[in-house]
Amino acid sequence: MVNIERLSTGIKEFDELIEGGIPRSFFVAVTGEPGTGKTIFCIHFINEGVRVGDKCIYVTTEESKESIIRQAAQFGFNFEKAIEEKKLILIDALMGKDEQWSLKSLELDELVEKVIEGKKFLGFGRSRVVIDSLSAFWLDKPAMARKYSYYLKKVLSKWDFTILVTSQYAITTSSAFGWGVEHVSDGIIRFRRGIKEGILKRYVIVEKMRQTQHSLRLHEINIDSSRGLYIVGATEERREDYALPKKVSEKIKKVEQEKENNLP
């Protein structure tokens, strides 16, 4: 039996869905509509890394550095202290400030260079990086999603990173914001939302995790200030109830293939 080293997500009930955690050096896509819990899931992942002594980097493209620190603090995670103790680097790719841990533009090469600089600063050892979200790097060139994702995975895996990247997902934009990431990922964690009896419900399903006998069930999740994100329990809904219709999926794949064929 092959012994696979796994990194805890910091959410015990979720780890149980994936045989204890995410395999080391994996590139995992965390996809979902806005407001479904992707960022909070990533905050848990990084906080757990800080707790166990991993070298941690969080890249934020859609919120400010201060916003991420405040969100973490809501759940009792002291990112400010972790940064001061050089256990965490928070790279701000939104504000474009002229600071060491900021990106002046959303260029993938600049991102990779900054993450590697961060790893050298933090030192040798097992590492975690979150890019929230990777979609921001190809908003004006969606056909490059797969190429960019592959490049990022190839380079950062050599630096002993386990990588979580978030991407926006909706029926009208799935091909532009999520499809390329999913093609090259080692794992796909998809977040969903829906209204039941007038109440917003959030869900998560592990659609893919290589080298793992993962759960195939859709699970309801909840978020509160005392526990952060946690699993409520498995639902009765089938995977088919939350997947794109087969015809829609086939059409998206066809469009993606046509885009790739037209790349220079």
# chains A, B, ... in the order shown; residues from 1 in each chain; ligands from 1

$ select_by_dssp --residues "region 26-170 of chain A" --states "helix (DSSP H, G or I)" --output "VMD selection string"
chain A and resid 38 to 52 65 to 74 79 to 84 108 to 122 134 to 138 142 to 157

$ write_last_selection --atoms "C-alpha atoms" --output "PDB file, in the first residue's frame"
ATOM      1  CA  LYS A  38     -14.583  29.360  -1.214  1.00  0.00           C
ATOM      2  CA  THR A  39     -12.517  32.068   0.483  1.00  0.00           C
ATOM      3  CA  ILE A  40     -13.396  30.898   3.985  1.00  0.00           C
ATOM      4  CA  PHE A  41     -12.432  27.335   3.030  1.00  0.00           C
ATOM      5  CA  CYS A  42      -9.047  28.642   1.842  1.00  0.00           C
ATOM      6  CA  ILE A  43      -8.594  30.662   5.034  1.00  0.00           C
ATOM      7  CA  HIS A  44      -9.079  27.444   7.031  1.00  0.00           C
ATOM      8  CA  PHE A  45      -6.491  25.688   4.854  1.00  0.00           C
ATOM      9  CA  ILE A  46      -3.889  28.408   5.404  1.00  0.00           C
ATOM     10  CA  ASN A  47      -4.604  28.722   9.128  1.00  0.00           C
ATOM     11  CA  GLU A  48      -4.062  24.997   9.548  1.00  0.00           C
ATOM     12  CA  GLY A  49      -0.774  25.328   7.678  1.00  0.00           C
ATOM     13  CA  VAL A  50       0.359  28.075  10.045  1.00  0.00           C
ATOM     14  CA  ARG A  51      -0.660  25.930  13.019  1.00  0.00           C
ATOM     15  CA  VAL A  52       1.398  22.904  11.932  1.00  0.00           C
ATOM     16  CA  LYS A  65      -5.041  42.139   2.324  1.00  0.00           C
ATOM     17  CA  GLU A  66      -6.803  43.833   5.243  1.00  0.00           C
ATOM     18  CA  SER A  67     -10.117  42.217   4.297  1.00  0.00           C
ATOM     19  CA  ILE A  68      -8.604  38.720   4.414  1.00  0.00           C
ATOM     20  CA  ILE A  69      -7.024  39.443   7.804  1.00  0.00           C
ATOM     21  CA  ARG A  70     -10.391  40.658   9.144  1.00  0.00           C
ATOM     22  CA  GLN A  71     -12.231  37.599   7.820  1.00  0.00           C
ATOM     23  CA  ALA A  72      -9.689  35.275   9.430  1.00  0.00           C
ATOM     24  CA  ALA A  73     -10.017  37.156  12.729  1.00  0.00           C
ATOM     25  CA  GLN A  74     -13.784  36.545  12.711  1.00  0.00           C
ATOM     26  CA  PHE A  79      -3.196  36.133  10.431  1.00  0.00           C
ATOM     27  CA  GLU A  80      -1.662  39.429  11.549  1.00  0.00           C
ATOM     28  CA  LYS A  81       0.433  37.625  14.175  1.00  0.00           C
ATOM     29  CA  ALA A  82       1.379  34.893  11.693  1.00  0.00           C
ATOM     30  CA  ILE A  83       2.652  37.556   9.273  1.00  0.00           C
ATOM     31  CA  GLU A  84       4.664  39.262  12.027  1.00  0.00           C
ATOM     32  CA  LEU A 108       1.016  35.424 -14.251  1.00  0.00           C
ATOM     33  CA  ASP A 109       4.805  35.706 -14.513  1.00  0.00           C
ATOM     34  CA  GLU A 110       4.804  38.428 -11.875  1.00  0.00           C
ATOM     35  CA  LEU A 111       2.601  36.262  -9.641  1.00  0.00           C
ATOM     36  CA  VAL A 112       4.893  33.236  -9.930  1.00  0.00           C
ATOM     37  CA  GLU A 113       8.011  35.320  -9.256  1.00  0.00           C
ATOM     38  CA  LYS A 114       6.409  36.870  -6.184  1.00  0.00           C
ATOM     39  CA  VAL A 115       5.290  33.501  -4.780  1.00  0.00           C
ATOM     40  CA  ILE A 116       8.775  32.037  -5.264  1.00  0.00           C
ATOM     41  CA  GLU A 117      10.270  35.142  -3.618  1.00  0.00           C
ATOM     42  CA  GLY A 118       7.899  34.527  -0.714  1.00  0.00           C
ATOM     43  CA  LYS A 119       8.984  30.899  -0.404  1.00  0.00           C
ATOM     44  CA  LYS A 120      12.640  31.918  -0.291  1.00  0.00           C
ATOM     45  CA  PHE A 121      11.786  34.474   2.387  1.00  0.00           C
ATOM     46  CA  LEU A 122       9.913  31.921   4.528  1.00  0.00           C
ATOM     47  CA  LEU A 134      -6.867  32.576 -10.277  1.00  0.00           C
ATOM     48  CA  SER A 135      -9.693  33.577 -12.638  1.00  0.00           C
ATOM     49  CA  ALA A 136      -8.635  37.207 -12.312  1.00  0.00           C
ATOM     50  CA  PHE A 137      -5.497  36.513 -14.358  1.00  0.00           C
ATOM     51  CA  TRP A 138      -7.397  35.688 -17.550  1.00  0.00           C
ATOM     52  CA  PRO A 142     -10.361  33.211 -21.079  1.00  0.00           C
ATOM     53  CA  ALA A 143      -8.970  30.890 -23.754  1.00  0.00           C
ATOM     54  CA  MET A 144      -5.653  30.966 -21.848  1.00  0.00           C
ATOM     55  CA  ALA A 145      -7.110  29.450 -18.681  1.00  0.00           C
ATOM     56  CA  ARG A 146      -5.801  25.931 -19.221  1.00  0.00           C
ATOM     57  CA  LYS A 147      -2.343  27.066 -20.379  1.00  0.00           C
ATOM     58  CA  TYR A 148      -1.941  29.418 -17.424  1.00  0.00           C
ATOM     59  CA  SER A 149      -3.142  26.799 -14.946  1.00  0.00           C
ATOM     60  CA  TYR A 150      -0.741  24.192 -16.282  1.00  0.00           C
ATOM     61  CA  TYR A 151       2.186  26.628 -16.117  1.00  0.00           C
ATOM     62  CA  LEU A 152       1.367  27.569 -12.525  1.00  0.00           C
ATOM     63  CA  LYS A 153       1.050  23.932 -11.476  1.00  0.00           C
ATOM     64  CA  LYS A 154       4.277  22.919 -13.196  1.00  0.00           C
ATOM     65  CA  VAL A 155       6.403  25.690 -11.682  1.00  0.00           C
ATOM     66  CA  LEU A 156       5.063  25.893  -8.125  1.00  0.00           C
ATOM     67  CA  SER A 157       4.945  22.117  -7.546  1.00  0.00           C
TER      68      SER A 157
END

$ select_by_dssp --residues "region 23-170 of chain A" --states "strand (DSSP E)" --output "NGL selection string"
:A and (23 or 27-32 or 55-60 or 88-92 or 127-132 or 161-168)

$ closest_residue --among "A:Gly123, A:Gly32, A:Gly21, A:Gly37" --to "Leu229 (chain A)" --atoms "only C-alpha atoms"
A:Gly37

$ residues_around --residues "His214 (chain A)" --least-positions-apart "5" --cutoff "8 Å" --atoms "only C-alpha atoms" --output "compact mmCIF listing (two decimals) with C-alpha atoms, in the first residue's frame"
# COMPACT_ATOMS: atom_id res chain seq x y z
CA LEU A 17 -14.46 13.10 2.97
CA ILE A 18 -10.98 12.88 1.38
CA GLU A 19 -9.20 10.22 3.46
CA VAL A 206 -15.64 16.68 -3.99
CA LYS A 208 -12.26 14.89 -8.14
CA MET A 209 -9.30 14.02 -5.92

$ atom_distance --atom1 "CA of Ser8 (chain A)" --atom2 "CA of Trp101 (chain A)"
26.1 Å

$ residues_around --residues "Gly233 (chain A)" --least-positions-apart "5" --cutoff "9 Å" --atoms "only C-alpha atoms" --output "JSON, numbers by chain"
{"A": [218, 219, 220, 221]}

$ closest_residue --among "A:Asp98, A:Glu5, A:Asp224, A:Asp186" --to "Arg210 (chain A)" --atoms "only C-alpha atoms"
A:Asp186

$ atom_distance --atom1 "CA of Gln168 (chain A)" --atom2 "CA of Ser127 (chain A)"
24.5 Å
